[in-house]
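The file upload_29.txt contains compact mmCIF, C-alpha atoms and all ligand atoms:
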```
# COMPACT_ATOMS: atom_id res chain seq x y z
CA MET A 76 -62.23 78.35 71.54
CA SER A 77 -64.67 81.20 71.64
CA PHE A 78 -65.41 84.61 70.18
CA PRO A 79 -63.63 86.39 68.52
CA ILE A 80 -61.67 83.34 67.31
CA GLU A 81 -64.83 81.36 66.71
CA ARG A 82 -67.47 83.03 64.55
CA PRO A 83 -70.27 80.62 63.52
CA ARG A 84 -71.46 83.20 61.00
CA ARG A 85 -68.38 82.42 58.83
CA LEU A 86 -70.08 79.26 57.62
CA ARG A 87 -73.40 80.97 56.99
CA ARG A 88 -72.10 83.73 54.78
CA THR A 89 -73.03 82.37 51.33
CA GLN A 90 -75.43 79.88 49.85
CA ARG A 91 -72.51 77.67 48.76
CA LEU A 92 -71.09 77.53 52.27
CA ARG A 93 -74.47 76.78 53.76
CA ASP A 94 -75.05 74.01 51.22
CA LEU A 95 -71.64 72.56 52.01
CA VAL A 96 -72.13 72.28 55.77
CA ARG A 97 -75.83 71.39 55.93
CA GLU A 98 -76.53 68.48 58.30
CA THR A 99 -79.92 67.33 57.07
CA ILE A 100 -81.59 67.12 53.69
CA VAL A 101 -85.02 66.12 52.47
CA THR A 102 -85.33 64.35 49.14
CA PRO A 103 -88.37 62.99 47.28
CA ASN A 104 -87.24 59.52 48.45
CA ASP A 105 -88.22 60.49 52.00
CA LEU A 106 -91.88 61.10 51.21
CA VAL A 107 -95.03 58.99 51.22
CA GLN A 108 -98.29 60.33 49.77
CA PRO A 109 -101.59 59.33 51.46
CA MET A 110 -104.55 58.70 49.15
CA PHE A 111 -108.26 58.10 49.76
CA VAL A 112 -110.07 55.58 47.56
CA VAL A 113 -113.86 55.66 47.18
CA PRO A 114 -116.38 53.40 45.39
CA GLY A 115 -117.40 54.23 41.82
CA SER A 116 -115.58 55.32 38.70
CA GLY A 117 -114.44 58.57 37.16
CA ILE A 118 -114.37 60.24 40.58
CA LYS A 119 -111.80 62.84 41.60
CA LYS A 120 -113.50 65.02 44.17
CA GLU A 121 -111.77 67.52 46.43
CA ILE A 122 -112.08 66.74 50.15
CA SER A 123 -113.67 69.71 51.90
CA SER A 124 -111.63 69.29 55.09
CA LEU A 125 -108.38 68.73 53.16
CA LYS A 126 -108.15 71.32 50.39
CA GLY A 127 -105.86 70.08 47.62
CA GLN A 128 -106.51 66.40 48.52
CA PHE A 129 -109.05 64.25 46.74
CA HIS A 130 -111.31 61.24 46.94
CA PHE A 131 -110.39 58.99 44.01
CA SER A 132 -112.27 56.09 42.50
CA VAL A 133 -109.96 53.20 41.59
CA ASP A 134 -109.52 54.26 37.95
CA MET A 135 -108.67 57.84 38.90
CA ALA A 136 -106.41 56.64 41.73
CA VAL A 137 -104.33 54.87 39.08
CA GLU A 138 -103.91 58.13 37.14
CA GLU A 139 -102.96 59.97 40.30
CA ALA A 140 -100.48 57.24 41.26
CA LYS A 141 -98.74 57.71 37.90
CA ASP A 142 -98.45 61.41 38.59
CA ILE A 143 -97.13 60.85 42.11
CA ALA A 144 -94.49 58.42 40.84
CA ALA A 145 -93.53 60.84 38.06
CA ASN A 146 -92.72 63.41 40.71
CA GLY A 147 -90.24 60.98 42.27
CA VAL A 148 -92.30 59.94 45.29
CA PRO A 149 -91.42 56.31 46.07
CA ALA A 150 -94.56 55.28 47.97
CA ILE A 151 -98.22 55.92 48.67
CA ILE A 152 -100.41 54.85 51.59
CA LEU A 153 -104.00 53.93 50.79
CA PHE A 154 -107.12 54.53 52.86
CA GLY A 155 -110.49 53.16 51.80
CA ILE A 156 -113.96 54.59 52.07
CA PRO A 157 -116.14 51.49 51.69
CA SER A 158 -119.52 51.02 50.05
CA TYR A 159 -120.91 49.39 53.22
CA ARG A 160 -120.26 49.51 56.95
CA ASP A 161 -121.22 47.03 59.67
CA ALA A 162 -120.47 46.16 63.30
CA THR A 163 -117.28 44.22 62.58
CA GLY A 164 -116.03 46.27 59.64
CA SER A 165 -116.21 43.30 57.28
CA SER A 166 -115.73 45.46 54.17
CA ALA A 167 -112.14 45.95 55.37
CA TRP A 168 -111.16 42.45 54.23
CA ASP A 169 -113.50 42.26 51.22
CA GLU A 170 -111.35 41.07 48.32
CA ASN A 171 -113.33 43.42 46.06
CA GLY A 172 -112.96 46.32 48.47
CA GLU A 173 -111.80 49.73 47.28
CA VAL A 174 -108.32 49.39 48.74
CA GLN A 175 -107.83 45.84 47.45
CA GLN A 176 -108.91 46.86 43.93
CA ALA A 177 -106.79 50.01 44.01
CA VAL A 178 -103.69 48.12 45.15
CA THR A 179 -103.97 45.64 42.32
CA ALA A 180 -104.69 48.28 39.67
CA ILE A 181 -101.93 50.62 40.84
CA LYS A 182 -99.30 47.87 41.08
CA LYS A 183 -100.21 46.83 37.55
CA ALA A 184 -99.99 50.34 36.10
CA VAL A 185 -97.07 51.69 38.18
CA PRO A 186 -95.12 48.67 39.45
CA GLU A 187 -92.21 50.75 40.72
CA LEU A 188 -94.43 52.68 43.15
CA LEU A 189 -94.52 51.11 46.63
CA VAL A 190 -98.05 50.66 47.85
CA ILE A 191 -98.58 50.74 51.60
CA THR A 192 -102.04 49.97 53.00
CA ASP A 193 -103.43 51.36 56.22
CA VAL A 194 -104.83 48.45 58.23
CA CYS A 195 -107.63 49.56 60.51
CA LEU A 196 -111.36 49.06 60.96
CA CYS A 197 -112.67 52.54 61.81
CA GLU A 198 -113.46 53.41 58.19
CA TYR A 199 -115.37 50.13 57.86
CA THR A 200 -117.35 49.85 61.09
CA ASP A 201 -120.76 51.48 61.47
CA HIS A 202 -119.73 52.77 64.93
CA GLY A 203 -116.44 54.30 63.72
CA HIS A 204 -114.19 52.57 66.25
CA CYS A 205 -111.01 50.73 65.30
CA GLY A 206 -112.23 47.31 66.44
CA MET A 207 -115.15 45.21 67.65
CA ILE A 208 -117.31 46.70 70.36
CA HIS A 209 -118.27 44.95 73.59
CA GLU A 210 -120.11 46.95 76.28
CA GLN A 211 -119.11 50.33 74.81
CA GLN A 212 -115.40 49.38 74.68
CA VAL A 213 -113.24 48.14 71.83
CA ASN A 214 -112.66 44.46 72.53
CA ASN A 215 -108.96 43.89 71.95
CA ASP A 216 -108.40 40.18 71.40
CA PRO A 217 -111.24 39.34 68.99
CA THR A 218 -110.27 42.41 66.95
CA LEU A 219 -106.80 40.99 66.27
CA GLU A 220 -108.14 38.31 63.98
CA LEU A 221 -110.08 40.86 61.92
CA LEU A 222 -107.04 43.07 61.53
CA ALA A 223 -104.93 40.08 60.50
CA ARG A 224 -107.55 39.08 57.93
CA THR A 225 -107.53 42.64 56.57
CA ALA A 226 -103.74 42.71 56.30
CA VAL A 227 -103.70 39.36 54.49
CA SER A 228 -106.34 40.59 52.02
CA HIS A 229 -104.15 43.62 51.28
CA ALA A 230 -101.10 41.42 50.74
CA LYS A 231 -103.11 39.15 48.44
CA ALA A 232 -104.11 42.20 46.41
CA GLY A 233 -100.43 43.04 46.01
CA ALA A 234 -99.61 45.50 48.81
CA ASP A 235 -95.88 46.01 49.35
CA ILE A 236 -96.16 47.01 53.02
CA VAL A 237 -99.00 46.83 55.55
CA ALA A 238 -99.41 49.52 58.20
CA PRO A 239 -101.68 48.76 61.18
CA SER A 240 -103.02 51.97 62.74
CA ASP A 241 -105.56 50.59 65.22
CA MET A 242 -103.44 50.52 68.43
CA MET A 243 -104.77 47.16 69.66
CA ASP A 244 -102.31 45.30 71.89
CA GLY A 245 -100.71 42.38 70.09
CA ARG A 246 -101.76 43.32 66.59
CA VAL A 247 -98.29 43.35 65.07
CA GLY A 248 -97.71 39.78 66.24
CA ALA A 249 -101.12 38.67 65.02
CA ILE A 250 -100.58 40.25 61.60
CA ARG A 251 -97.05 38.81 61.31
CA SER A 252 -98.29 35.28 62.05
CA ALA A 253 -101.18 35.58 59.60
CA LEU A 254 -98.95 36.97 56.83
CA ASP A 255 -96.41 34.22 57.39
CA ALA A 256 -99.09 31.52 57.44
CA ASN A 257 -100.23 32.78 54.03
CA ASN A 258 -96.72 32.80 52.54
CA PHE A 259 -96.28 36.56 52.82
CA THR A 260 -93.10 36.24 54.84
CA ASP A 261 -91.48 39.02 52.80
CA ILE A 262 -94.17 41.65 53.34
CA PRO A 263 -92.95 44.18 55.92
CA ILE A 264 -95.07 45.67 58.69
CA LEU A 265 -94.90 49.42 59.22
CA SER A 266 -96.42 49.73 62.67
CA TYR A 267 -98.16 52.88 63.82
CA ALA A 268 -96.37 51.98 67.04
CA VAL A 269 -96.73 55.34 68.75
CA LYS A 270 -100.07 56.85 67.88
CA TYR A 271 -101.56 59.44 70.16
CA ALA A 272 -105.25 60.17 70.80
CA SER A 273 -104.95 63.47 68.98
CA ALA A 274 -107.22 66.32 67.96
CA TYR A 275 -105.02 66.65 64.87
CA TYR A 276 -106.89 63.81 63.12
CA GLY A 277 -110.08 65.87 62.70
CA PRO A 278 -109.89 66.56 58.93
CA PHE A 279 -108.96 62.92 58.20
CA ARG A 280 -112.01 61.62 60.04
CA GLU A 281 -114.21 63.89 57.99
CA ALA A 282 -112.47 62.71 54.82
CA ALA A 283 -112.77 59.03 55.75
CA GLY A 284 -116.13 59.19 57.52
CA SER A 285 -114.39 57.42 60.41
CA ALA A 286 -115.28 59.56 63.42
CA PRO A 287 -116.39 57.44 66.39
CA GLN A 288 -120.17 57.50 66.79
CA PHE A 289 -119.87 57.41 70.59
CA GLY A 290 -117.03 58.10 73.00
CA ASP A 291 -113.52 58.66 71.69
CA ARG A 292 -110.31 56.70 71.01
CA SER A 293 -108.60 57.41 74.36
CA GLY A 294 -109.09 53.80 75.45
CA TYR A 295 -106.71 52.58 72.77
CA GLN A 296 -104.71 55.48 71.32
CA MET A 297 -102.02 56.99 73.54
CA ASP A 298 -102.25 59.79 76.07
CA PRO A 299 -100.47 62.86 74.59
CA ALA A 300 -98.78 63.36 77.98
CA ASN A 301 -96.74 60.15 77.82
CA VAL A 302 -93.31 59.48 76.39
CA LEU A 303 -92.10 56.53 78.50
CA GLU A 304 -95.19 54.75 77.28
CA ALA A 305 -94.13 55.54 73.70
CA ILE A 306 -90.84 53.76 74.27
CA ARG A 307 -92.68 50.76 75.70
CA GLU A 308 -95.12 50.67 72.77
CA ALA A 309 -92.26 50.76 70.28
CA GLU A 310 -90.39 48.04 72.17
CA LEU A 311 -93.44 45.75 72.20
CA ASP A 312 -93.96 46.20 68.47
CA ILE A 313 -90.31 45.44 67.73
CA ASP A 314 -90.61 42.26 69.80
CA GLU A 315 -93.73 41.28 67.86
CA GLY A 316 -91.93 41.69 64.55
CA ALA A 317 -92.50 45.26 63.37
CA ASP A 318 -90.08 46.04 60.54
CA MET A 319 -90.59 49.78 60.82
CA LEU A 320 -92.02 52.07 63.48
CA MET A 321 -94.11 55.18 63.11
CA VAL A 322 -94.76 58.14 65.37
CA LYS A 323 -97.97 60.08 64.83
CA PRO A 324 -98.78 63.00 64.75
CA GLY A 325 -95.51 64.71 63.83
CA MET A 326 -94.99 68.38 64.56
CA VAL A 327 -95.90 68.48 68.22
CA TYR A 328 -94.37 65.04 68.88
CA LEU A 329 -90.85 65.67 67.58
CA ASP A 330 -89.46 64.92 71.04
CA VAL A 331 -91.10 61.49 70.92
CA LEU A 332 -89.84 60.82 67.40
CA SER A 333 -86.32 61.72 68.42
CA LYS A 334 -86.42 59.48 71.52
CA VAL A 335 -87.86 56.49 69.68
CA LYS A 336 -85.22 56.77 66.96
CA GLU A 337 -82.39 57.23 69.42
CA THR A 338 -83.52 54.45 71.75
CA PHE A 339 -83.96 51.70 69.16
CA GLY A 340 -82.10 52.84 66.06
CA ARG A 341 -84.86 51.26 63.97
CA VAL A 342 -86.38 52.53 60.76
CA THR A 343 -88.74 55.19 62.07
CA ALA A 344 -91.37 57.04 60.10
CA VAL A 345 -93.46 60.02 61.07
CA TYR A 346 -96.99 60.91 60.02
CA HIS A 347 -97.53 64.60 59.31
CA VAL A 348 -101.28 64.31 59.87
CA SER A 349 -104.36 65.93 58.43
CA GLY A 350 -104.76 68.61 61.10
CA GLU A 351 -101.17 69.71 60.63
CA TYR A 352 -101.73 69.91 56.88
CA ALA A 353 -104.96 71.83 57.40
CA MET A 354 -103.30 74.40 59.65
CA ILE A 355 -100.59 75.10 57.09
CA GLU A 356 -103.09 75.36 54.25
CA ALA A 357 -105.41 77.63 56.25
CA ALA A 358 -102.63 80.01 57.25
CA ALA A 359 -101.34 80.07 53.68
CA GLU A 360 -104.80 80.85 52.35
CA LYS A 361 -104.94 83.81 54.71
CA GLY A 362 -101.61 84.97 53.33
CA TRP A 363 -100.08 84.81 56.80
CA ILE A 364 -97.17 82.52 55.98
CA ASP A 365 -94.87 81.65 53.08
CA ARG A 366 -96.47 78.31 52.21
CA LYS A 367 -93.62 76.66 50.32
CA ARG A 368 -90.98 77.65 52.87
CA LEU A 369 -93.16 76.50 55.74
CA ILE A 370 -93.79 73.09 54.17
CA LEU A 371 -90.11 72.50 53.42
CA GLU A 372 -89.06 73.67 56.88
CA THR A 373 -91.59 71.32 58.47
CA LEU A 374 -90.42 68.32 56.44
CA LEU A 375 -86.81 69.15 57.28
CA ALA A 376 -87.66 69.24 61.00
CA PHE A 377 -88.98 65.67 60.80
CA LYS A 378 -85.77 64.46 59.20
CA ARG A 379 -83.65 66.38 61.69
CA ALA A 380 -85.57 64.80 64.58
CA GLY A 381 -84.74 61.35 63.21
CA ALA A 382 -87.44 60.36 60.74
CA ASP A 383 -86.32 58.03 57.96
CA PHE A 384 -89.39 58.93 55.97
CA ILE A 385 -92.47 61.12 56.21
CA LEU A 386 -96.09 60.38 55.43
CA THR A 387 -97.45 63.73 54.33
CA TYR A 388 -100.29 65.15 52.24
CA HIS A 389 -97.65 67.50 50.80
CA ALA A 390 -95.57 64.62 49.38
CA LYS A 391 -96.40 64.93 45.69
CA GLU A 392 -96.09 68.70 45.59
CA ALA A 393 -92.96 68.86 47.76
CA ALA A 394 -91.29 66.14 45.69
CA GLY A 395 -91.95 68.28 42.63
CA TRP A 396 -90.05 71.13 44.29
CA LEU A 397 -87.21 68.94 45.51
CA LYS A 398 -86.50 66.70 42.55
C1 LIG B 401 -107.20 55.13 61.22
C2 LIG B 401 -106.29 56.28 60.93
C3 LIG B 401 -106.41 57.63 61.31
C4 LIG B 401 -105.34 58.30 60.74
C5 LIG B 401 -104.58 57.37 60.05
N1 LIG B 401 -105.16 56.12 60.20
C6 LIG B 401 -107.47 58.33 62.06
C7 LIG B 401 -107.74 58.03 63.47
O1 LIG B 401 -107.02 57.32 64.16
O2 LIG B 401 -108.79 58.51 63.90
C8 LIG B 401 -105.11 59.78 60.84
C9 LIG B 401 -104.41 60.40 59.69
C10 LIG B 401 -104.52 61.89 59.62
O3 LIG B 401 -105.09 62.58 60.49
O4 LIG B 401 -103.98 62.42 58.64
N2 LIG B 401 -107.17 54.68 62.53
ZN ZN B 402 -108.84 53.24 63.11
```

Whole structure, structure tokens version:
Amino acid sequence: MSFPIERPRRLRRTQRLRDLVRETIVTPNDLVQPMFVVPGSGIKKEISSLKGQFHFSVDMAVEEAKDIAANGVPAIILFGIPSYRDATGSSAWDENGEVQQAVTAIKKAVPELLVITDVCLCEYTDHGHCGMIHEQQVNNDPTLELLARTAVSHAKAGADIVAPSDMMDGRVGAIRSALDANNFTDIPILSYAVKYASAYYGPFREAAGSAPQFGDRSGYQMDPANVLEAIREAELDIDEGADMLMVKPGMVYLDVLSKVKETFGRVTAVYHVSGEYAMIEAAAEKGWIDRKRLILETLLAFKRAGADFILTYHAKEAAGWLK
């Protein structure tokens, strides 16, 4: 069948028809809001590199979490900015750390909100790398124990899901064993399985004070040129016990997201990262784009490419539009 019998425009003619035949939808249930927790109290301070996003002290994070949940967002992911940094990143597993305190306080105040914790060391080390350093390189195997300790401390504080973002080899297995050994057999791991060494993380690193003090992350995060490697990374993490996979960044890695989802059929998330957010906000501020339409179109693209859910700085606001 072809033109003039077939006319695809017939199904585009009215809003009702378009609604009827739409293949993909985004709902608030698909969104996860990232949040940054800082030491202190009474703090809600806008992040200069991420306009519209804030540094929250624990008490203010609780208020924000209530607001996020009220908009219908099912989950948040927490990042901590610690009060001290050292060579091993020991504040990452401090039971009185910002993330640990925030998890406990938020779960108490808003029990229905899922709290995911980012498990990494770069915010906590004085050198800004995601693990222990040996001769200017991140030393993989000794780092695993520190990550596992961090994940367990998050679970003890009440985290619903832990999300390792460090890209060390073997970390999902190490975290799974440590969680299980501490009776957290029911806590899922959302693995940043496919995380590229990307320039799109710039605003986040400013927000978290986690930029590497020497070198870069190319020795552990993935080469943006590689997709076969992405499949292998995802496969390894599944074998080690990852419950969910993540691809990061999002917009310029939709091909990777689609392949990972299609290849494994596993729960696959995408991270719409800080640089992507910043580009949208900057263009909107200039008046060059229709901000709301652009955000919704972007979120839709992630779902269409296969994402089961989306970590995005637009989550709270977009959920407000969609609910
Ligand atoms: C920590 C981490 C980063 C992001 C999430 N977890 C930064 C990095 O790897 O340098 C980036 C998130 C964003 O850019 O929004 N490893
Ligand atoms: Zn890191």

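Nearest residue to ligand ZN 402 (chain B), choosing from A:Lys119, A:Lys183, A:Arg251, A:Arg280 and counting all atoms listed in the file: A:Arg280.
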
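The closest residue to ligand LIG 401 (chain B), picked from A:Pro109, A:Gly127, A:Gly395, A:Gly245 and counting all atoms listed in the file, is A:Pro109.
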
| task | Kindly indicate which residue among A:Asp201, A:Asp244, A:Asp193, A:Asp330 lies nearest to Trp168 (chain A), using all atoms listed in the file for the distances. | result |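 The shortest atom-to-atom distance to Trp168 (chain A) comes from A:Asp193.
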
| said: Can you measure CA of Phe384 (chain A) to CA of Leu397 (chain A) for me? One decimal in Å is fine. | reply: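 The value is 14.6 Å.
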
| Counting all atoms listed in the file, what residues are within 10 Å of ligand ZN 402 (chain B), given as a list in words? |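 Written in the requested form, the residues are Asp193, Val194, Cys195, Leu196, Cys197, Glu198, Tyr199, Thr200, Gly203, His204, Cys205, Gly206, Pro239, Ser240, Asp241, Met242, Met243, Arg280, Ser285, Ala286, Pro287, Arg292, Tyr295 and Gln296 of chain A.
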
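Between Leu222 (chain A) and the candidates A:Asn171, A:Ser273, A:Thr179, A:Ser165, the tightest atom-to-atom separation, counting only C-alpha atoms, involves A:Ser165.
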
| said: Calculated over only C-alpha atoms and all ligand atoms, which of the candidates A:Phe289, A:Trp363, A:Tyr388, A:Phe131 has the smallest distance to ligand LIG 401 (chain B)? | reply: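 Counting only C-alpha atoms and all ligand atoms, the residue closest to ligand LIG 401 (chain B) is A:Tyr388.
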
| field | Contact residues around Val302 (chain A) with only C-alpha atoms at 12 Å, ignoring same-chain residues under 6 positions, as a list in words | value | Val269, Lys270, Tyr271, Glu308, Ala309, Val322, Tyr328, Leu329, Asp330, Val331, Leu332, Ser333, Lys334, Val335 and Thr338 of chain A

| task | Find the residue from A:Ala283, A:Ile385, A:Ile156, A:Val185 that sits nearest to ligand LIG 401 (chain B); use all atoms listed in the file when measuring. | result |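 Counting all atoms listed in the file, the residue closest to ligand LIG 401 (chain B) is A:Ala283.
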
| said: Need the shell around Ala180 (chain A): protein/DNA/RNA residues with any atom at most 9 Å away, counting all atoms listed in the file. Skip same-chain ones fewer than 4 positions apart. Format as a VMD selection string? | reply: chain A and resid 133 to 134 136 to 137 175 to 176 184 to 185

For Phe129 (chain A), please output as a CSV table (one decimal) with C-alpha atoms, in the frame of the given file all residues within 9 Å (counting only C-alpha atoms; exclusion window: fewer than 5 positions along the same chain).
```
chain,number,residue,atom,x,y,z
A,110,MET,CA,-104.6,58.7,49.2
A,111,PHE,CA,-108.3,58.1,49.8
A,112,VAL,CA,-110.1,55.6,47.6
A,119,LYS,CA,-111.8,62.8,41.6
A,120,LYS,CA,-113.5,65.0,44.2
A,121,GLU,CA,-111.8,67.5,46.4
A,122,ILE,CA,-112.1,66.7,50.2
A,123,SER,CA,-113.7,69.7,51.9
A,282,ALA,CA,-112.5,62.7,54.8
```

| query | Mind listing as a ChimeraX atom specification all residues within 12 Å of (-109.1, 39.3, 44.6), counting all atoms listed in the file? | reply | /A:168-180,227-233

| query | What is the distance between CA of Glu220 (chain A) and CA of Met297 (chain A), in Å to one decimal? | reply |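 Between these atoms lies a distance of 21.9 Å.
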
| request: Write out as a ChimeraX atom specification the residues lying within 8 Å of region 342-356 of chain A, counting only C-alpha atoms and excluding same-chain residues fewer than 2 positions away. | output: /A:124-126,274-279,318-326,332,335-336,340,358-360,366,369-370,377,381-389

| message | One decimal, in Å: what's the spacing between CA of Ala394 (chain A) and CA of Ile181 (chain A)? | response | 19.4 Å

Exercise on ligand LIG 401 (chain B), axis-aligned box with 4 Å per side, report centre and edge lengths in Å to one decimal, as lines of an AutoDock Vina configuration file:
```
center_x = -106.4
center_y = 58.6
center_z = 61.4
size_x = 12.8
size_y = 15.9
size_z = 13.5
```
